[in-house]
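Only one structure is covered here, and it is reproduced in the block below.
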Amino acid sequence: MIKTYLHSLVNDALKKLDFPEKELFFDAPKDEKHGDVTSNVAMTLAKELKQKPRDIAQSIIDKLEFNPDIISKVEIAGAGFINIFISDKYYITQFLNILTLKNKYGKSDDFIGKKANLEWVSANPTGPLHLGHGRQVCLGKSLATLLEWVGYDVTREYYYNDAGNQMENLGKSVYARYMQIIDPNFPFPEDGYVGDYIKQIAQIIYDERKNSLKNSTDLTLFTKAGENYNFKTIRGTLNKLGIHHDIFSNESQLYTDGKINEVIDDFVKRGLAYEKDGALWLKMDEKLGFEKDKVIRKSTGEPTYRLPDMAYHINKIERGYDLIIDIFGSDHGDTYKEVLYGVKMLGFNTDKIKVIIHQMVTFKEGTESVKMSKRSDKAYPLDGLIEEIGADAVQFFFVMRGANTHLDFDIELAKEHSDKNPVYYLQYAHARICGILRNAEENFPGFDFKSEADFNSSLIKAEEELGLLKILAKFPEEVSSSAASYEPHKLILYLNVVAERFHRFYHNNRVLDAENRDLSIARLKICLAAKQILQNGFQIIGITAPERM
RNA sequence: GUGCCCGUAGCUCAAUCGGAUAGAGCAACAGCCUUCUAAGCUGUAGGUUACUGGUUCGAUUCCAGUCGGGCACACCA
């Protein structure tokens, strides 16, 4: 990649000048007149060296021994920026790389041989996935692919709680609906799950067993039936989005394995836990911002959620991953800190655990805001949204903003098949290219754009052509930097620029021209390369690349 | 009240380690289809980056405070 080359180039110059070592940054200037890459290293050195930034920049430039096939020009500008112009030849080379590497262009081996575990969705099987789950569901899908593109071996994991209050509540709710089939006056638990799916589960049980379970005291059968039914629904929704988890791990396994008790024993042994009011408390460190100690085992003998979560993270660390990622909504913003604190106090290195907290989503239909709640009848299932606006739009809308900002999701807009809808802007560029390629194959049989034979790269010289190639060549770096910060949405911003540059190229340059075969072939190859970059980007984001629209 | 996240154009959002004239889309206005998809392109207009201080050659970015919004503050998960 170009930046690696620039690093060693400038570092060599700094060494020759006996300048102190600096961390180098190469940014793309906002204005194209300022070159393709810029460095502010002279400004950052100015204070230490007590020289003018422009003089320092000049000294550095004088010592640069650059390859003219890669760099065409270096100049000083403004307060002391070193502006570097990349040669057209370099972009042509990259362009040919795209055509050769195809769906591998942009893949890197930055993290080859490393194992990553991404745990997400992880909704308890007490009901279908609803709108509130959407953001992390889609974010995780993109992130998993993104990590694979930079070399990670990614395990996709789903962790659920099949042991706590919520599952018990599910059993009670199903039982109540079952009993109501027999006696409509049977009371429904106050905080039970009210969705219609509970009635359906009850009906299935009733159809099979009739009245025989009337006076059940053990509700395990009802809980299990609910769990199975809900999981089927959840998996169905995930399938529609093309999401498949490699591992489903559950909480009760941690009990049967004795992991929970090991953690308790370890805390007690280290003097970090104490009994009070019949409960077991974990000492929290005030210096780290924790206000008070937390209960890890209730007076009833059951652990609070923290304990199994700690055991689960220890389990993941012990499985030997180099990177462990959790994705949560901001409503879990504080709790994960407690969990990691506990894990750390037991002597485990939590540095490899990366927790991604995404902010909440406000759903709107036009100006109406849409409410969602698991407990309410009006919960908006994620499945329904996929049916309504399609998997691509769902995926795109949930991923298009940084996790750290609130997301406004306008369902009306996502539904709209028009230029207002940002997902179509990208997909349309791809479909448009496919149209041109189809036209070439059908109506210009002599234009063999798939072989090297008749390709003359010197024909590529229009501003729109080279400009497009410059953008395409940035793809590998965009993938790396999105992955480094775990932010797939950055790639969408980039792909928008690709689409924009393609549309501009299309508008100003006729691709197929019967009079000019060689130029047509060169331009068809540009189309092929742009199509490839869009495809590769779409694959990471998790949307399809339509051939027609 | 305390902690975390956020506040940028009418709306939704960008802005890379603190860099050059704060950028896109939508909405508004004015143009462009006898030529490969007009779900597109070109142009105009739109800003005291919530506010006040501080650090710096340089602040949307870092620090402090104020105001406003979201989330969390259980022996629920």
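By convention here, the chains of the structure tokens are called A, B, ... in the order presented, each chain's residues are numbered starting at 1, and ligands are numbered starting at 1 in the order presented.
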
*asked:* Quick one: residues within 7 Å of stretch 17-27 of chain B, only C-alpha atoms (C1' of nucleotides), excluding same-chain residues fewer than 2 positions away - as a list of chain:residue names?
replied: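 The residues satisfying every condition are A:Gly78, A:Lys420, B:A14, B:A15, B:G58, B:A59, B:U61.
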
Once you count only C-alpha atoms (C1' of nucleotides), what closest atom pair and distance in Å to one decimal does each residue of chain A within 6 Å of chain B have, with rows by chain and rising residue number, as a Markdown table?
| residue | atom | partner | partner_atom | distance |
| --- | --- | --- | --- | --- |
| A:Lys298 | CA | B:C75 | C1' | 4.5 |
| A:Ser330 | CA | B:C71 | C1' | 5.7 |
| A:Asp331 | CA | B:C71 | C1' | 5.4 |
| A:Ser418 | CA | B:A39 | C1' | 5.3 |
| A:Asp419 | CA | B:A39 | C1' | 5.0 |
| A:Arg432 | CA | B:U37 | C1' | 5.8 |
| A:Ile436 | CA | B:C36 | C1' | 4.9 |

_Going by DSSP on the backbone, which residues of stretch 347-422 of chain A come out as alpha helix (DSSP H)? List them as number ranges by chain._
A: 382-389, 391-399, 411-415, 422

*Report the distance between atom CA of A:Asp265 and atom CA of A:Val343 in Å, rounded to one decimal place.*
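Atom CA of A:Asp265 sits 13.4 Å away from atom CA of A:Val343.
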
*Which residue out of A:Phe19, A:Tyr305, A:Tyr159, A:Phe444 has the minimum interatomic distance to A:Ala57 when only C-alpha atoms are used?*
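Closest candidate: A:Phe19.
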
_At a cut-off of 12 Å, using only C-alpha atoms (C1' of nucleotides), what residues contact A:Cys138? Leave out same-chain residues fewer than 5 positions from it and give the result as a VMD selection string._
chain A and resid 120 to 121 131 to 133 143 to 145 237 to 238 240 to 243 327 358 382 386 391 to 401 403 488 to 489 540 to 543

Export, as a PDB file, in the first residue's frame, the selected residues with C-alpha atoms.
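Result file result-v3.pdb:
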ATOM      1  CA  TRP A 120     -23.751 -10.369  19.129  1.00  0.00           C
ATOM      2  CA  VAL A 121     -27.521 -10.475  18.819  1.00  0.00           C
ATOM      3  CA  LEU A 131     -36.671  -3.064  15.923  1.00  0.00           C
ATOM      4  CA  GLY A 132     -34.550  -2.322  18.963  1.00  0.00           C
ATOM      5  CA  HIS A 133     -32.307  -5.280  18.138  1.00  0.00           C
ATOM      6  CA  LEU A 143     -18.182  -6.121  11.387  1.00  0.00           C
ATOM      7  CA  ALA A 144     -17.703  -9.879  11.162  1.00  0.00           C
ATOM      8  CA  THR A 145     -17.107  -9.676   7.412  1.00  0.00           C
ATOM      9  CA  THR A 237     -35.158 -13.448  10.976  1.00  0.00           C
ATOM     10  CA  LEU A 238     -31.379 -13.754  11.059  1.00  0.00           C
ATOM     11  CA  LYS A 240     -33.353 -13.352   6.069  1.00  0.00           C
ATOM     12  CA  LEU A 241     -30.449 -11.033   6.767  1.00  0.00           C
ATOM     13  CA  GLY A 242     -27.930 -13.686   5.803  1.00  0.00           C
ATOM     14  CA  ILE A 243     -26.608 -14.032   9.336  1.00  0.00           C
ATOM     15  CA  ILE A 327     -21.822  -5.494  20.823  1.00  0.00           C
ATOM     16  CA  HIS A 358     -24.088   1.659  20.097  1.00  0.00           C
ATOM     17  CA  LEU A 382     -37.580  -6.855  12.936  1.00  0.00           C
ATOM     18  CA  ILE A 386     -37.450  -6.748   6.586  1.00  0.00           C
ATOM     19  CA  ALA A 391     -33.073  -6.892   3.800  1.00  0.00           C
ATOM     20  CA  ASP A 392     -30.718  -4.534   1.940  1.00  0.00           C
ATOM     21  CA  ALA A 393     -32.391  -1.368   3.144  1.00  0.00           C
ATOM     22  CA  VAL A 394     -32.556  -2.703   6.707  1.00  0.00           C
ATOM     23  CA  GLN A 395     -28.873  -3.595   6.664  1.00  0.00           C
ATOM     24  CA  PHE A 396     -27.853  -0.325   5.076  1.00  0.00           C
ATOM     25  CA  PHE A 397     -29.867   1.977   7.316  1.00  0.00           C
ATOM     26  CA  PHE A 398     -28.687   0.368  10.526  1.00  0.00           C
ATOM     27  CA  VAL A 399     -25.033   0.445   9.519  1.00  0.00           C
ATOM     28  CA  MET A 400     -24.796   3.797   7.791  1.00  0.00           C
ATOM     29  CA  ARG A 401     -24.065   5.819  10.922  1.00  0.00           C
ATOM     30  CA  ALA A 403     -22.334   3.376  16.448  1.00  0.00           C
ATOM     31  CA  PRO A 488     -18.177  -0.338   8.937  1.00  0.00           C
ATOM     32  CA  HIS A 489     -20.043   2.904   8.294  1.00  0.00           C
ATOM     33  CA  ILE A 540     -18.545  -6.198   3.544  1.00  0.00           C
ATOM     34  CA  ILE A 541     -21.490  -3.943   4.305  1.00  0.00           C
ATOM     35  CA  GLY A 542     -23.793  -6.882   3.741  1.00  0.00           C
ATOM     36  CA  ILE A 543     -26.005  -5.681   0.909  1.00  0.00           C
TER      37      ILE A 543
END

*Record the distance separating atom CA of A:Asp18 and atom CA of A:Ile60, expressed in Å with one decimal.*
10.7 Å

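When DSSP is run on the backbone, the residues of stretch 154-257 of chain A that fall into strand (DSSP E) are Val154, Thr155, Arg156, Glu157, Tyr158, Tyr159, Tyr160, Ile247, Phe248, Ser249 and Asn250 of chain A.
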
*Within 10 Å of stretch 503-511 of chain A, counting only C-alpha atoms (C1' of nucleotides), which residues show up once you throw out same-chain ones fewer than 3 positions away? Write them as a ChimeraX atom specification, please.*
/A:425,428-429,432-433,436-437,440,462-468,497-500,514,516-517,519-527 /B:35-36,40-42

Output the selection as a compact mmCIF listing (two decimals), in the first residue's frame - N, CA and C atoms (P, O5', C5', C4', C3', O3' and C1' of nucleotides) for each residue.
# COMPACT_ATOMS: atom_id res chain seq x y z
N TYR A 425 -28.73 4.83 -4.26
CA TYR A 425 -27.68 5.58 -4.93
C TYR A 425 -26.51 4.67 -5.23
N TYR A 428 -27.63 1.62 -7.53
CA TYR A 428 -27.90 2.07 -8.90
C TYR A 428 -26.62 2.18 -9.71
N ALA A 429 -25.56 2.66 -9.07
CA ALA A 429 -24.28 2.77 -9.76
C ALA A 429 -23.86 1.38 -10.26
N ARG A 432 -26.12 0.21 -13.11
CA ARG A 432 -25.82 0.97 -14.32
C ARG A 432 -24.61 0.37 -15.04
N ILE A 433 -23.59 0.04 -14.27
CA ILE A 433 -22.40 -0.57 -14.86
C ILE A 433 -22.77 -1.89 -15.53
N ILE A 436 -24.22 -1.37 -18.90
CA ILE A 436 -23.23 -1.06 -19.94
C ILE A 436 -22.53 -2.34 -20.40
N LEU A 437 -22.14 -3.15 -19.43
CA LEU A 437 -21.42 -4.39 -19.77
C LEU A 437 -22.31 -5.33 -20.59
N ALA A 440 -22.43 -4.04 -24.06
CA ALA A 440 -21.18 -4.34 -24.77
C ALA A 440 -21.17 -5.77 -25.28
N ALA A 462 -8.67 11.14 -19.32
CA ALA A 462 -9.67 12.13 -18.94
C ALA A 462 -9.68 12.31 -17.43
N GLU A 463 -10.00 13.51 -17.00
CA GLU A 463 -10.01 13.84 -15.57
C GLU A 463 -10.94 12.90 -14.82
N GLU A 464 -12.12 12.62 -15.40
CA GLU A 464 -13.08 11.76 -14.72
C GLU A 464 -12.58 10.33 -14.61
N GLU A 465 -11.80 9.90 -15.63
CA GLU A 465 -11.28 8.54 -15.62
C GLU A 465 -10.23 8.37 -14.54
N LEU A 466 -9.22 9.25 -14.57
CA LEU A 466 -8.15 9.13 -13.58
C LEU A 466 -8.68 9.39 -12.18
N GLY A 467 -9.59 10.35 -12.08
CA GLY A 467 -10.17 10.65 -10.77
C GLY A 467 -10.86 9.44 -10.19
N LEU A 468 -11.57 8.71 -11.03
CA LEU A 468 -12.25 7.50 -10.57
C LEU A 468 -11.23 6.45 -10.15
N VAL A 497 -18.58 7.90 -2.34
CA VAL A 497 -17.66 8.67 -3.20
C VAL A 497 -17.40 7.88 -4.48
N VAL A 498 -17.23 6.57 -4.36
CA VAL A 498 -17.01 5.74 -5.55
C VAL A 498 -18.19 5.89 -6.51
N ALA A 499 -19.40 5.77 -5.97
CA ALA A 499 -20.60 5.87 -6.81
C ALA A 499 -20.68 7.24 -7.47
N GLU A 500 -20.40 8.25 -6.67
CA GLU A 500 -20.45 9.62 -7.18
C GLU A 500 -19.47 9.81 -8.33
N ALA A 514 -18.77 2.79 -31.30
CA ALA A 514 -18.43 1.89 -32.39
C ALA A 514 -17.22 2.39 -33.19
N ASN A 516 -14.64 3.93 -32.02
CA ASN A 516 -13.39 3.99 -31.25
C ASN A 516 -13.26 2.78 -30.34
N ARG A 517 -12.83 1.69 -30.94
CA ARG A 517 -12.82 0.41 -30.26
C ARG A 517 -11.87 0.38 -29.05
N LEU A 519 -10.55 2.79 -27.20
CA LEU A 519 -10.97 3.62 -26.08
C LEU A 519 -12.15 2.97 -25.37
N SER A 520 -13.07 2.38 -26.14
CA SER A 520 -14.22 1.71 -25.53
C SER A 520 -13.75 0.58 -24.63
N ILE A 521 -12.77 -0.17 -25.09
CA ILE A 521 -12.27 -1.28 -24.28
C ILE A 521 -11.64 -0.77 -22.98
N ALA A 522 -10.85 0.30 -23.09
CA ALA A 522 -10.24 0.88 -21.89
C ALA A 522 -11.32 1.31 -20.90
N ARG A 523 -12.36 1.92 -21.42
CA ARG A 523 -13.43 2.40 -20.53
C ARG A 523 -14.27 1.26 -19.97
N LEU A 524 -14.44 0.23 -20.76
CA LEU A 524 -15.15 -0.95 -20.24
C LEU A 524 -14.37 -1.56 -19.07
N LYS A 525 -13.06 -1.50 -19.18
CA LYS A 525 -12.25 -2.03 -18.09
C LYS A 525 -12.39 -1.17 -16.83
N ILE A 526 -12.50 0.14 -17.04
CA ILE A 526 -12.75 1.02 -15.89
C ILE A 526 -14.07 0.64 -15.24
N CYS A 527 -15.07 0.37 -16.06
CA CYS A 527 -16.38 -0.05 -15.54
C CYS A 527 -16.24 -1.33 -14.72
P U B 35 -31.65 9.53 -26.58
O5' U B 35 -30.39 9.25 -27.50
C5' U B 35 -30.20 7.98 -28.12
C4' U B 35 -28.77 7.53 -27.97
C3' U B 35 -28.33 7.25 -26.54
O3' U B 35 -28.70 5.94 -26.15
C1' U B 35 -26.69 8.56 -27.62
P C B 36 -28.93 5.62 -24.64
O5' C B 36 -27.62 4.82 -24.27
C5' C B 36 -27.37 3.56 -24.89
C4' C B 36 -26.55 2.67 -23.98
C3' C B 36 -26.95 2.67 -22.51
O3' C B 36 -28.01 1.75 -22.29
C1' C B 36 -24.58 2.77 -22.74
P G B 40 -30.53 9.40 -8.01
O5' G B 40 -29.63 9.49 -9.31
C5' G B 40 -28.46 8.67 -9.44
C4' G B 40 -27.74 9.05 -10.71
C3' G B 40 -27.17 10.46 -10.72
O3' G B 40 -25.91 10.52 -10.09
C1' G B 40 -28.40 10.10 -12.70
P C B 41 -25.43 11.87 -9.39
O5' C B 41 -25.11 12.77 -10.64
C5' C B 41 -23.99 12.48 -11.47
C4' C B 41 -23.94 13.47 -12.60
C3' C B 41 -23.76 14.92 -12.16
O3' C B 41 -22.40 15.22 -11.89
C1' C B 41 -25.49 14.80 -13.76
P U B 42 -22.05 16.29 -10.75
O5' U B 42 -22.43 17.66 -11.47
C5' U B 42 -21.72 18.07 -12.63
C4' U B 42 -22.29 19.36 -13.14
C3' U B 42 -22.44 20.46 -12.10
O3' U B 42 -21.21 21.11 -11.83
C1' U B 42 -24.40 20.36 -13.43

*Proximity to A:Asn228 - best of A:Pro125, A:Glu251, A:Ser142, A:Asn169, only C-alpha atoms*: A:Pro125

*What does the distance between atom CA of A:Thr362 and atom CA of A:Phe409 come to in Å, to one decimal place?*
6.0 Å

*Among the residues A:Met360, A:Leu14, A:Leu469, A:Met549, the one that comes closest to A:Arg135 [using only C-alpha atoms]*: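 The closest residue to A:Arg135 is A:Met360.
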
_Need the shell around A:Tyr336: protein/DNA/RNA residues with any atom at most 10 Å away, counting only C-alpha atoms (C1' of nucleotides). Skip same-chain ones fewer than 2 positions apart. Format as a list of chain:residue names?_
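What passes the distance filter is A:Arg306, A:Asp309, A:Met310, A:Asp326, A:Phe328, A:His332, A:Gly333, A:Asp334, A:Glu338, A:Val339, A:Leu340, A:Tyr341, A:Gly342, A:Val355, A:Ile357.
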
Only C-alpha atoms, please: the residues just picked out, written as a PDB file, in the first residue's frame.
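Saved file part28.pdb follows:
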ATOM      1  CA  ARG A 306     -22.992 -10.263  36.366  1.00  0.00           C
ATOM      2  CA  ASP A 309     -21.337 -12.896  32.282  1.00  0.00           C
ATOM      3  CA  MET A 310     -17.955 -12.870  33.998  1.00  0.00           C
ATOM      4  CA  ASP A 326     -19.171  -7.732  22.282  1.00  0.00           C
ATOM      5  CA  PHE A 328     -24.355  -3.918  23.156  1.00  0.00           C
ATOM      6  CA  HIS A 332     -25.753  -1.855  28.795  1.00  0.00           C
ATOM      7  CA  GLY A 333     -23.159   0.900  28.852  1.00  0.00           C
ATOM      8  CA  ASP A 334     -22.413   0.623  32.534  1.00  0.00           C
ATOM      9  CA  GLU A 338     -18.622  -4.164  36.037  1.00  0.00           C
ATOM     10  CA  VAL A 339     -18.268  -7.445  34.196  1.00  0.00           C
ATOM     11  CA  LEU A 340     -14.834  -6.581  32.823  1.00  0.00           C
ATOM     12  CA  TYR A 341     -13.776  -5.324  36.225  1.00  0.00           C
ATOM     13  CA  GLY A 342     -14.626  -8.685  37.768  1.00  0.00           C
ATOM     14  CA  VAL A 355     -16.881  -3.693  23.731  1.00  0.00           C
ATOM     15  CA  ILE A 357     -21.637   0.267  22.567  1.00  0.00           C
TER      16      ILE A 357
END
